[in-house]
$ cat structure_8.pdb   # PDB, N, CA, C and O atoms, pLDDT in the B column
MODEL        1
ATOM      1  N   SER A   1      -4.065   0.913   2.348  1.00 75.00           N
ATOM      2  CA  SER A   1      -4.548   1.347   3.645  1.00 75.00           C
ATOM      3  C   SER A   1      -5.540   0.332   4.186  1.00 75.00           C
ATOM      4  O   SER A   1      -6.169  -0.404   3.423  1.00 75.00           O
ATOM      5  N   ASP A   2      -5.683   0.307   5.494  1.00 86.00           N
ATOM      6  CA  ASP A   2      -6.568  -0.622   6.190  1.00 86.00           C
ATOM      7  C   ASP A   2      -6.261  -2.077   5.826  1.00 86.00           C
ATOM      8  O   ASP A   2      -7.156  -2.873   5.574  1.00 86.00           O
ATOM      9  N   GLN A   3      -4.982  -2.388   5.750  1.00 93.00           N
ATOM     10  CA  GLN A   3      -4.549  -3.747   5.474  1.00 93.00           C
ATOM     11  C   GLN A   3      -3.778  -4.286   6.670  1.00 93.00           C
ATOM     12  O   GLN A   3      -3.416  -3.539   7.571  1.00 93.00           O
ATOM     13  N   ILE A   4      -3.548  -5.576   6.667  1.00 94.00           N
ATOM     14  CA  ILE A   4      -2.850  -6.230   7.757  1.00 94.00           C
ATOM     15  C   ILE A   4      -1.425  -6.549   7.333  1.00 94.00           C
ATOM     16  O   ILE A   4      -1.210  -7.072   6.237  1.00 94.00           O
ATOM     17  N   GLU A   5      -0.473  -6.225   8.209  1.00 92.00           N
ATOM     18  CA  GLU A   5       0.924  -6.582   7.983  1.00 92.00           C
ATOM     19  C   GLU A   5       1.301  -7.633   9.013  1.00 92.00           C
ATOM     20  O   GLU A   5       1.102  -7.442  10.206  1.00 92.00           O
ATOM     21  N   VAL A   6       1.823  -8.749   8.532  1.00 91.00           N
ATOM     22  CA  VAL A   6       2.240  -9.843   9.409  1.00 91.00           C
ATOM     23  C   VAL A   6       3.754  -9.948   9.323  1.00 91.00           C
ATOM     24  O   VAL A   6       4.315  -9.982   8.232  1.00 91.00           O
ATOM     25  N   ILE A   7       4.403  -9.999  10.469  1.00 87.00           N
ATOM     26  CA  ILE A   7       5.852 -10.156  10.511  1.00 87.00           C
ATOM     27  C   ILE A   7       6.149 -11.568  11.002  1.00 87.00           C
ATOM     28  O   ILE A   7       5.748 -11.944  12.099  1.00 87.00           O
ATOM     29  N   GLY A   8       6.834 -12.347  10.169  1.00 82.00           N
ATOM     30  CA  GLY A   8       7.201 -13.703  10.554  1.00 82.00           C
ATOM     31  C   GLY A   8       8.205 -13.678  11.695  1.00 82.00           C
ATOM     32  O   GLY A   8       9.167 -12.918  11.662  1.00 82.00           O
ATOM     33  N   THR A   9       7.985 -14.484  12.710  1.00 81.00           N
ATOM     34  CA  THR A   9       8.892 -14.499  13.861  1.00 81.00           C
ATOM     35  C   THR A   9       9.675 -15.801  13.967  1.00 81.00           C
ATOM     36  O   THR A   9      10.726 -15.835  14.575  1.00 81.00           O
ATOM     37  N   LYS A  10       9.159 -16.864  13.401  1.00 81.00           N
ATOM     38  CA  LYS A  10       9.829 -18.163  13.445  1.00 81.00           C
ATOM     39  C   LYS A  10       9.954 -18.694  12.023  1.00 81.00           C
ATOM     40  O   LYS A  10       9.449 -19.763  11.697  1.00 81.00           O
ATOM     41  N   GLY A  11      10.599 -17.914  11.172  1.00 79.00           N
ATOM     42  CA  GLY A  11      10.701 -18.287   9.765  1.00 79.00           C
ATOM     43  C   GLY A  11       9.644 -17.569   8.950  1.00 79.00           C
ATOM     44  O   GLY A  11       9.013 -16.627   9.405  1.00 79.00           O
ATOM     45  N   LEU A  12       9.460 -18.030   7.730  1.00 84.00           N
ATOM     46  CA  LEU A  12       8.521 -17.394   6.811  1.00 84.00           C
ATOM     47  C   LEU A  12       7.074 -17.603   7.244  1.00 84.00           C
ATOM     48  O   LEU A  12       6.691 -18.703   7.631  1.00 84.00           O
ATOM     49  N   PHE A  13       6.289 -16.542   7.168  1.00 90.00           N
ATOM     50  CA  PHE A  13       4.846 -16.666   7.379  1.00 90.00           C
ATOM     51  C   PHE A  13       4.178 -17.090   6.081  1.00 90.00           C
ATOM     52  O   PHE A  13       3.217 -17.847   6.072  1.00 90.00           O
ATOM     53  N   SER A  14       4.701 -16.573   4.968  1.00 90.00           N
ATOM     54  CA  SER A  14       4.180 -16.937   3.656  1.00 90.00           C
ATOM     55  C   SER A  14       5.344 -17.146   2.704  1.00 90.00           C
ATOM     56  O   SER A  14       6.475 -16.754   2.981  1.00 90.00           O
ATOM     57  N   ASP A  15       5.033 -17.760   1.564  1.00 88.00           N
ATOM     58  CA  ASP A  15       6.059 -18.059   0.574  1.00 88.00           C
ATOM     59  C   ASP A  15       5.474 -17.846  -0.812  1.00 88.00           C
ATOM     60  O   ASP A  15       4.267 -17.626  -0.961  1.00 88.00           O
ATOM     61  N   ALA A  16       6.307 -17.941  -1.812  1.00 88.00           N
ATOM     62  CA  ALA A  16       5.859 -17.778  -3.197  1.00 88.00           C
ATOM     63  C   ALA A  16       4.693 -18.725  -3.471  1.00 88.00           C
ATOM     64  O   ALA A  16       4.712 -19.892  -3.062  1.00 88.00           O
ATOM     65  N   GLY A  17       3.673 -18.212  -4.129  1.00 92.00           N
ATOM     66  CA  GLY A  17       2.503 -19.014  -4.464  1.00 92.00           C
ATOM     67  C   GLY A  17       1.404 -18.999  -3.416  1.00 92.00           C
ATOM     68  O   GLY A  17       0.348 -19.594  -3.618  1.00 92.00           O
ATOM     69  N   ASP A  18       1.626 -18.314  -2.297  1.00 94.00           N
ATOM     70  CA  ASP A  18       0.625 -18.276  -1.230  1.00 94.00           C
ATOM     71  C   ASP A  18      -0.438 -17.192  -1.421  1.00 94.00           C
ATOM     72  O   ASP A  18      -1.418 -17.157  -0.674  1.00 94.00           O
ATOM     73  N   SER A  19      -0.272 -16.323  -2.405  1.00 94.00           N
ATOM     74  CA  SER A  19      -1.264 -15.268  -2.637  1.00 94.00           C
ATOM     75  C   SER A  19      -2.648 -15.885  -2.813  1.00 94.00           C
ATOM     76  O   SER A  19      -2.807 -16.906  -3.481  1.00 94.00           O
ATOM     77  N   GLY A  20      -3.630 -15.274  -2.170  1.00 95.00           N
ATOM     78  CA  GLY A  20      -4.993 -15.785  -2.226  1.00 95.00           C
ATOM     79  C   GLY A  20      -5.321 -16.724  -1.087  1.00 95.00           C
ATOM     80  O   GLY A  20      -6.472 -17.151  -0.949  1.00 95.00           O
ATOM     81  N   SER A  21      -4.342 -17.042  -0.259  1.00 96.00           N
ATOM     82  CA  SER A  21      -4.585 -17.934   0.876  1.00 96.00           C
ATOM     83  C   SER A  21      -5.392 -17.225   1.959  1.00 96.00           C
ATOM     84  O   SER A  21      -5.218 -16.043   2.210  1.00 96.00           O
ATOM     85  N   LEU A  22      -6.256 -17.989   2.602  1.00 96.00           N
ATOM     86  CA  LEU A  22      -7.035 -17.471   3.710  1.00 96.00           C
ATOM     87  C   LEU A  22      -6.192 -17.517   4.979  1.00 96.00           C
ATOM     88  O   LEU A  22      -5.582 -18.542   5.287  1.00 96.00           O
ATOM     89  N   ILE A  23      -6.137 -16.414   5.699  1.00 95.00           N
ATOM     90  CA  ILE A  23      -5.442 -16.368   6.986  1.00 95.00           C
ATOM     91  C   ILE A  23      -6.502 -16.480   8.070  1.00 95.00           C
ATOM     92  O   ILE A  23      -7.504 -15.765   8.043  1.00 95.00           O
ATOM     93  N   VAL A  24      -6.283 -17.390   9.016  1.00 95.00           N
ATOM     94  CA  VAL A  24      -7.229 -17.609  10.091  1.00 95.00           C
ATOM     95  C   VAL A  24      -6.574 -17.315  11.434  1.00 95.00           C
ATOM     96  O   VAL A  24      -5.347 -17.326  11.556  1.00 95.00           O
ATOM     97  N   ASP A  25      -7.404 -17.060  12.448  1.00 94.00           N
ATOM     98  CA  ASP A  25      -6.878 -16.839  13.800  1.00 94.00           C
ATOM     99  C   ASP A  25      -6.727 -18.179  14.516  1.00 94.00           C
ATOM    100  O   ASP A  25      -6.964 -19.248  13.924  1.00 94.00           O
ATOM    101  N   ALA A  26      -6.356 -18.142  15.776  1.00 94.00           N
ATOM    102  CA  ALA A  26      -6.111 -19.359  16.551  1.00 94.00           C
ATOM    103  C   ALA A  26      -7.364 -20.230  16.694  1.00 94.00           C
ATOM    104  O   ALA A  26      -7.263 -21.432  16.933  1.00 94.00           O
ATOM    105  N   ARG A  27      -8.529 -19.640  16.529  1.00 96.00           N
ATOM    106  CA  ARG A  27      -9.786 -20.398  16.635  1.00 96.00           C
ATOM    107  C   ARG A  27     -10.300 -20.882  15.282  1.00 96.00           C
ATOM    108  O   ARG A  27     -11.386 -21.440  15.187  1.00 96.00           O
ATOM    109  N   GLY A  28      -9.528 -20.605  14.218  1.00 94.00           N
ATOM    110  CA  GLY A  28      -9.918 -21.045  12.887  1.00 94.00           C
ATOM    111  C   GLY A  28     -10.877 -20.105  12.181  1.00 94.00           C
ATOM    112  O   GLY A  28     -11.447 -20.453  11.156  1.00 94.00           O
ATOM    113  N   ARG A  29     -11.048 -18.896  12.713  1.00 94.00           N
ATOM    114  CA  ARG A  29     -11.943 -17.910  12.097  1.00 94.00           C
ATOM    115  C   ARG A  29     -11.201 -17.134  11.014  1.00 94.00           C
ATOM    116  O   ARG A  29     -10.050 -16.723  11.208  1.00 94.00           O
ATOM    117  N   ALA A  30     -11.850 -16.910   9.897  1.00 95.00           N
ATOM    118  CA  ALA A  30     -11.259 -16.162   8.788  1.00 95.00           C
ATOM    119  C   ALA A  30     -10.944 -14.740   9.235  1.00 95.00           C
ATOM    120  O   ALA A  30     -11.774 -14.066   9.833  1.00 95.00           O
ATOM    121  N   VAL A  31      -9.719 -14.286   8.930  1.00 95.00           N
ATOM    122  CA  VAL A  31      -9.274 -12.952   9.321  1.00 95.00           C
ATOM    123  C   VAL A  31      -8.933 -12.109   8.094  1.00 95.00           C
ATOM    124  O   VAL A  31      -9.294 -10.944   8.021  1.00 95.00           O
ATOM    125  N   ALA A  32      -8.237 -12.704   7.135  1.00 97.00           N
ATOM    126  CA  ALA A  32      -7.746 -11.915   6.002  1.00 97.00           C
ATOM    127  C   ALA A  32      -7.431 -12.814   4.815  1.00 97.00           C
ATOM    128  O   ALA A  32      -7.347 -14.037   4.937  1.00 97.00           O
ATOM    129  N   LEU A  33      -7.225 -12.170   3.672  1.00 97.00           N
ATOM    130  CA  LEU A  33      -6.824 -12.841   2.447  1.00 97.00           C
ATOM    131  C   LEU A  33      -5.442 -12.333   2.070  1.00 97.00           C
ATOM    132  O   LEU A  33      -5.250 -11.134   1.849  1.00 97.00           O
ATOM    133  N   LEU A  34      -4.477 -13.235   2.043  1.00 96.00           N
ATOM    134  CA  LEU A  34      -3.083 -12.896   1.776  1.00 96.00           C
ATOM    135  C   LEU A  34      -2.914 -12.437   0.326  1.00 96.00           C
ATOM    136  O   LEU A  34      -3.477 -13.045  -0.581  1.00 96.00           O
ATOM    137  N   PHE A  35      -2.144 -11.359   0.113  1.00 95.00           N
ATOM    138  CA  PHE A  35      -1.906 -10.942  -1.266  1.00 95.00           C
ATOM    139  C   PHE A  35      -0.453 -10.682  -1.603  1.00 95.00           C
ATOM    140  O   PHE A  35      -0.093 -10.610  -2.778  1.00 95.00           O
ATOM    141  N   SER A  36       0.425 -10.539  -0.627  1.00 92.00           N
ATOM    142  CA  SER A  36       1.814 -10.214  -0.953  1.00 92.00           C
ATOM    143  C   SER A  36       2.733 -10.592   0.205  1.00 92.00           C
ATOM    144  O   SER A  36       2.319 -10.602   1.360  1.00 92.00           O
ATOM    145  N   GLY A  37       3.967 -10.874  -0.127  1.00 88.00           N
ATOM    146  CA  GLY A  37       4.938 -11.176   0.914  1.00 88.00           C
ATOM    147  C   GLY A  37       6.349 -10.921   0.417  1.00 88.00           C
ATOM    148  O   GLY A  37       6.582 -10.762  -0.779  1.00 88.00           O
ATOM    149  N   GLY A  38       7.281 -10.885   1.333  1.00 82.00           N
ATOM    150  CA  GLY A  38       8.678 -10.674   0.980  1.00 82.00           C
ATOM    151  C   GLY A  38       9.459 -10.187   2.181  1.00 82.00           C
ATOM    152  O   GLY A  38       8.998 -10.278   3.311  1.00 82.00           O
ATOM    153  N   GLU A  39      10.640  -9.678   1.913  1.00 81.00           N
ATOM    154  CA  GLU A  39      11.495  -9.156   2.974  1.00 81.00           C
ATOM    155  C   GLU A  39      11.617  -7.651   2.865  1.00 81.00           C
ATOM    156  O   GLU A  39      11.642  -7.108   1.760  1.00 81.00           O
ATOM    157  N   ASP A  40      11.711  -6.979   4.029  1.00 81.00           N
ATOM    158  CA  ASP A  40      11.979  -5.542   4.004  1.00 81.00           C
ATOM    159  C   ASP A  40      13.481  -5.330   3.882  1.00 81.00           C
ATOM    160  O   ASP A  40      14.253  -6.286   3.756  1.00 81.00           O
ATOM    161  N   ASP A  41      13.924  -4.084   3.924  1.00 84.00           N
ATOM    162  CA  ASP A  41      15.345  -3.774   3.740  1.00 84.00           C
ATOM    163  C   ASP A  41      16.222  -4.247   4.893  1.00 84.00           C
ATOM    164  O   ASP A  41      17.447  -4.227   4.804  1.00 84.00           O
ATOM    165  N   ARG A  42      15.618  -4.692   5.982  1.00 85.00           N
ATOM    166  CA  ARG A  42      16.368  -5.228   7.126  1.00 85.00           C
ATOM    167  C   ARG A  42      16.369  -6.755   7.152  1.00 85.00           C
ATOM    168  O   ARG A  42      16.869  -7.372   8.080  1.00 85.00           O
ATOM    169  N   GLY A  43      15.733  -7.367   6.158  1.00 79.00           N
ATOM    170  CA  GLY A  43      15.675  -8.822   6.102  1.00 79.00           C
ATOM    171  C   GLY A  43      14.537  -9.435   6.890  1.00 79.00           C
ATOM    172  O   GLY A  43      14.481 -10.650   7.040  1.00 79.00           O
ATOM    173  N   ASN A  44      13.605  -8.609   7.388  1.00 80.00           N
ATOM    174  CA  ASN A  44      12.445  -9.126   8.114  1.00 80.00           C
ATOM    175  C   ASN A  44      11.423  -9.702   7.141  1.00 80.00           C
ATOM    176  O   ASN A  44      11.141  -9.110   6.103  1.00 80.00           O
ATOM    177  N   ASP A  45      10.870 -10.847   7.478  1.00 86.00           N
ATOM    178  CA  ASP A  45       9.820 -11.468   6.683  1.00 86.00           C
ATOM    179  C   ASP A  45       8.520 -10.686   6.889  1.00 86.00           C
ATOM    180  O   ASP A  45       8.080 -10.500   8.014  1.00 86.00           O
ATOM    181  N   LEU A  46       7.928 -10.206   5.801  1.00 90.00           N
ATOM    182  CA  LEU A  46       6.669  -9.452   5.879  1.00 90.00           C
ATOM    183  C   LEU A  46       5.638 -10.082   4.967  1.00 90.00           C
ATOM    184  O   LEU A  46       5.954 -10.531   3.865  1.00 90.00           O
ATOM    185  N   THR A  47       4.407 -10.116   5.425  1.00 94.00           N
ATOM    186  CA  THR A  47       3.288 -10.576   4.617  1.00 94.00           C
ATOM    187  C   THR A  47       2.191  -9.532   4.734  1.00 94.00           C
ATOM    188  O   THR A  47       1.967  -8.978   5.806  1.00 94.00           O
ATOM    189  N   PHE A  48       1.504  -9.270   3.637  1.00 95.00           N
ATOM    190  CA  PHE A  48       0.422  -8.290   3.629  1.00 95.00           C
ATOM    191  C   PHE A  48      -0.871  -8.971   3.226  1.00 95.00           C
ATOM    192  O   PHE A  48      -0.884  -9.858   2.373  1.00 95.00           O
ATOM    193  N   ALA A  49      -1.962  -8.548   3.858  1.00 97.00           N
ATOM    194  CA  ALA A  49      -3.259  -9.170   3.606  1.00 97.00           C
ATOM    195  C   ALA A  49      -4.366  -8.135   3.691  1.00 97.00           C
ATOM    196  O   ALA A  49      -4.231  -7.117   4.362  1.00 97.00           O
ATOM    197  N   ASN A  50      -5.453  -8.432   3.000  1.00 97.00           N
ATOM    198  CA  ASN A  50      -6.653  -7.604   3.068  1.00 97.00           C
ATOM    199  C   ASN A  50      -7.605  -8.202   4.093  1.00 97.00           C
ATOM    200  O   ASN A  50      -7.800  -9.426   4.135  1.00 97.00           O
ATOM    201  N   ARG A  51      -8.197  -7.341   4.904  1.00 97.00           N
ATOM    202  CA  ARG A  51      -9.158  -7.791   5.919  1.00 97.00           C
ATOM    203  C   ARG A  51     -10.308  -8.538   5.236  1.00 97.00           C
ATOM    204  O   ARG A  51     -10.855  -8.073   4.240  1.00 97.00           O
ATOM    205  N   ILE A  52     -10.669  -9.675   5.790  1.00 96.00           N
ATOM    206  CA  ILE A  52     -11.664 -10.532   5.156  1.00 96.00           C
ATOM    207  C   ILE A  52     -13.014  -9.820   5.010  1.00 96.00           C
ATOM    208  O   ILE A  52     -13.717 -10.022   4.013  1.00 96.00           O
ATOM    209  N   GLU A  53     -13.368  -8.967   5.964  1.00 95.00           N
ATOM    210  CA  GLU A  53     -14.645  -8.250   5.862  1.00 95.00           C
ATOM    211  C   GLU A  53     -14.685  -7.399   4.599  1.00 95.00           C
ATOM    212  O   GLU A  53     -15.704  -7.327   3.912  1.00 95.00           O
ATOM    213  N   ARG A  54     -13.580  -6.737   4.299  1.00 95.00           N
ATOM    214  CA  ARG A  54     -13.512  -5.875   3.107  1.00 95.00           C
ATOM    215  C   ARG A  54     -13.562  -6.700   1.824  1.00 95.00           C
ATOM    216  O   ARG A  54     -14.190  -6.310   0.849  1.00 95.00           O
ATOM    217  N   VAL A  55     -12.872  -7.838   1.823  1.00 96.00           N
ATOM    218  CA  VAL A  55     -12.863  -8.717   0.648  1.00 96.00           C
ATOM    219  C   VAL A  55     -14.277  -9.220   0.368  1.00 96.00           C
ATOM    220  O   VAL A  55     -14.758  -9.145  -0.772  1.00 96.00           O
ATOM    221  N   LEU A  56     -14.937  -9.713   1.402  1.00 96.00           N
ATOM    222  CA  LEU A  56     -16.291 -10.240   1.227  1.00 96.00           C
ATOM    223  C   LEU A  56     -17.251  -9.158   0.757  1.00 96.00           C
ATOM    224  O   LEU A  56     -18.078  -9.391  -0.136  1.00 96.00           O
ATOM    225  N   GLN A  57     -17.131  -7.963   1.336  1.00 96.00           N
ATOM    226  CA  GLN A  57     -17.995  -6.847   0.950  1.00 96.00           C
ATOM    227  C   GLN A  57     -17.777  -6.479  -0.518  1.00 96.00           C
ATOM    228  O   GLN A  57     -18.725  -6.279  -1.256  1.00 96.00           O
ATOM    229  N   LYS A  58     -16.517  -6.386  -0.917  1.00 95.00           N
ATOM    230  CA  LYS A  58     -16.191  -5.989  -2.284  1.00 95.00           C
ATOM    231  C   LYS A  58     -16.716  -7.029  -3.305  1.00 95.00           C
ATOM    232  O   LYS A  58     -17.166  -6.663  -4.381  1.00 95.00           O
ATOM    233  N   LEU A  59     -16.636  -8.308  -2.935  1.00 95.00           N
ATOM    234  CA  LEU A  59     -17.084  -9.361  -3.826  1.00 95.00           C
ATOM    235  C   LEU A  59     -18.596  -9.597  -3.753  1.00 95.00           C
ATOM    236  O   LEU A  59     -19.165 -10.307  -4.587  1.00 95.00           O
ATOM    237  N   GLY A  60     -19.241  -9.014  -2.738  1.00 97.00           N
ATOM    238  CA  GLY A  60     -20.684  -9.189  -2.577  1.00 97.00           C
ATOM    239  C   GLY A  60     -21.055 -10.605  -2.176  1.00 97.00           C
ATOM    240  O   GLY A  60     -22.080 -11.113  -2.609  1.00 97.00           O
ATOM    241  N   VAL A  61     -20.210 -11.220  -1.342  1.00 96.00           N
ATOM    242  CA  VAL A  61     -20.457 -12.585  -0.891  1.00 96.00           C
ATOM    243  C   VAL A  61     -20.368 -12.664   0.620  1.00 96.00           C
ATOM    244  O   VAL A  61     -19.958 -11.709   1.280  1.00 96.00           O
ATOM    245  N   ARG A  62     -20.735 -13.806   1.189  1.00 92.00           N
ATOM    246  CA  ARG A  62     -20.601 -14.029   2.617  1.00 92.00           C
ATOM    247  C   ARG A  62     -20.084 -15.435   2.847  1.00 92.00           C
ATOM    248  O   ARG A  62     -20.249 -16.317   1.998  1.00 92.00           O
ATOM    249  N   LEU A  63     -19.444 -15.644   3.994  1.00 88.00           N
ATOM    250  CA  LEU A  63     -18.962 -16.966   4.358  1.00 88.00           C
ATOM    251  C   LEU A  63     -20.120 -17.801   4.881  1.00 88.00           C
ATOM    252  O   LEU A  63     -20.972 -17.300   5.604  1.00 88.00           O
ATOM    253  N   VAL A  64     -20.132 -19.075   4.518  1.00 88.00           N
ATOM    254  CA  VAL A  64     -21.140 -19.997   5.016  1.00 88.00           C
ATOM    255  C   VAL A  64     -20.442 -20.986   5.935  1.00 88.00           C
ATOM    256  O   VAL A  64     -19.428 -21.570   5.585  1.00 88.00           O
ATOM    257  N   LEU A  65     -20.970 -21.136   7.121  1.00 77.00           N
ATOM    258  CA  LEU A  65     -20.368 -22.055   8.101  1.00 77.00           C
ATOM    259  C   LEU A  65     -20.982 -23.426   8.017  1.00 77.00           C
ATOM    260  O   LEU A  65     -22.070 -23.639   7.701  1.00 77.00           O
TER     261      LEU A  65
ENDMDL
END
$ encode --input "structure_8.pdb" --output "C-alpha cells"
Amino acid sequence: SDQIEVIGTKGLFSDAGDSGSLIVDARGRAVALLFSGGEDDRGNDLTFANRIERVLQKLGVRLVL
C-alpha cells in the first residue's frame, strides 16, 4: 500500500537488476526507490516503487543536496 506503480509506455521502464534504483522526476528530484518490475497478465510493463519519503523515514536518514 502507498506505493507507486509505473507503466512503461515506450518499452521497459525497468529491467532485471534495477531493484534499488532511485527514480527521479523530470527536474531530477528523488521520487521513489524501485523494488520490483515485470509484466502483468496483459503483457503491460509494470514497475513498483516505494515513495522516497517513506524509505528515508524508515531508514532514519535524509538526502543531502
$ residues_around --input "structure_8.pdb" --residues "Gly20 (chain A)" --least-positions-apart "3" --cutoff "7 Å" --atoms "only N, CA, C and O atoms" --output "PyMOL selection string"
chain A and resi 17+23+32-36
$ atom_distance --input "structure_8.pdb" --atom1 "CA of Asp40 (chain A)" --atom2 "CA of Val24 (chain A)"
23.5 Å
$ residues_around --input "structure_8.pdb" --residues "Val31 (chain A)" --least-positions-apart "3" --cutoff "10 Å" --atoms "only C-alpha atoms" --output "PyMOL selection string"
chain A and resi 4+22-25+28+34+49-53
$ residues_around --input "structure_8.pdb" --residues "Phe13 (chain A)" --least-positions-apart "3" --cutoff "8 Å" --atoms "all atoms listed in the file" --output "list in words"
Val6, Ile7, Gly8, Thr9, Lys10, Asp18, Gly37, Gly38, Asp45, Leu46 and Thr47 of chain A
$ atom_distance --input "structure_8.pdb" --atom1 "atom C of Arg62 (chain A)" --atom2 "atom O of Arg29 (chain A)"
13.1 Å
$ atom_distance --input "structure_8.pdb" --atom1 "CA of Glu39 (chain A)" --atom2 "CA of Asp2 (chain A)"
20.2 Å
$ select_by_dssp --input "structure_8.pdb" --residues "chain A" --states "strand (DSSP E or B)" --output "list in words"
Gln3, Ile4, Glu5, Val6, Ile7, Leu22, Ile23, Val24, Ala30, Val31, Ala32, Leu33, Leu34, Phe35, Ser36, Gly37, Gly38, Glu39, Asp45, Leu46, Thr47, Phe48, Ala49, Asn50 and Arg51 of chain A
$ axis_aligned_box --input "structure_8.pdb" --around "region 22-26 of chain A" --padding-each-side "6 Å" --output "JSON"
{"center_x": -6.4, "center_y": -18.6, "center_z": 9.8, "size_x": 14.2, "size_y": 17.7, "size_z": 26.3}
$ decode --input "structure_8.pdb" --residues "region 35-48 of chain A" --atoms "N, CA, C and O atoms" --output "compact mmCIF listing (two decimals), in the first residue's frame"
# COMPACT_ATOMS: atom_id res chain seq x y z
N PHE A 35 11.65 -1.28 -6.51
CA PHE A 35 11.87 -2.57 -5.87
C PHE A 35 11.41 -3.77 -6.68
O PHE A 35 11.80 -4.90 -6.40
N SER A 36 10.59 -3.58 -7.70
CA SER A 36 10.08 -4.74 -8.43
C SER A 36 9.60 -4.33 -9.82
O SER A 36 9.19 -3.19 -10.03
N GLY A 37 9.65 -5.26 -10.74
CA GLY A 37 9.15 -4.98 -12.07
C GLY A 37 8.77 -6.27 -12.78
O GLY A 37 9.13 -7.36 -12.35
N GLY A 38 8.06 -6.14 -13.87
CA GLY A 38 7.66 -7.30 -14.65
C GLY A 38 6.47 -6.96 -15.53
O GLY A 38 6.15 -5.80 -15.73
N GLU A 39 5.84 -7.99 -16.04
CA GLU A 39 4.67 -7.82 -16.89
C GLU A 39 3.42 -8.31 -16.19
O GLU A 39 3.47 -9.30 -15.45
N ASP A 40 2.29 -7.63 -16.44
CA ASP A 40 1.02 -8.14 -15.92
C ASP A 40 0.48 -9.19 -16.88
O ASP A 40 1.13 -9.53 -17.88
N ASP A 41 -0.71 -9.70 -16.62
CA ASP A 41 -1.28 -10.77 -17.45
C ASP A 41 -1.66 -10.31 -18.85
O ASP A 41 -1.98 -11.12 -19.71
N ARG A 42 -1.63 -9.01 -19.10
CA ARG A 42 -1.92 -8.47 -20.43
C ARG A 42 -0.66 -8.10 -21.20
O ARG A 42 -0.71 -7.56 -22.29
N GLY A 43 0.50 -8.34 -20.58
CA GLY A 43 1.76 -8.02 -21.24
C GLY A 43 2.23 -6.59 -21.04
O GLY A 43 3.19 -6.17 -21.66
N ASN A 44 1.56 -5.84 -20.15
CA ASN A 44 1.98 -4.47 -19.86
C ASN A 44 3.20 -4.46 -18.95
O ASN A 44 3.26 -5.22 -17.99
N ASP A 45 4.16 -3.61 -19.26
CA ASP A 45 5.34 -3.45 -18.43
C ASP A 45 4.95 -2.68 -17.16
O ASP A 45 4.39 -1.60 -17.24
N LEU A 46 5.22 -3.27 -16.00
CA LEU A 46 4.90 -2.62 -14.72
C LEU A 46 6.14 -2.55 -13.85
O LEU A 46 6.95 -3.48 -13.82
N THR A 47 6.30 -1.45 -13.15
CA THR A 47 7.37 -1.29 -12.19
C THR A 47 6.75 -0.77 -10.90
O THR A 47 5.84 0.06 -10.93
N PHE A 48 7.23 -1.26 -9.77
CA PHE A 48 6.71 -0.83 -8.47
C PHE A 48 7.83 -0.21 -7.67
O PHE A 48 8.98 -0.65 -7.72
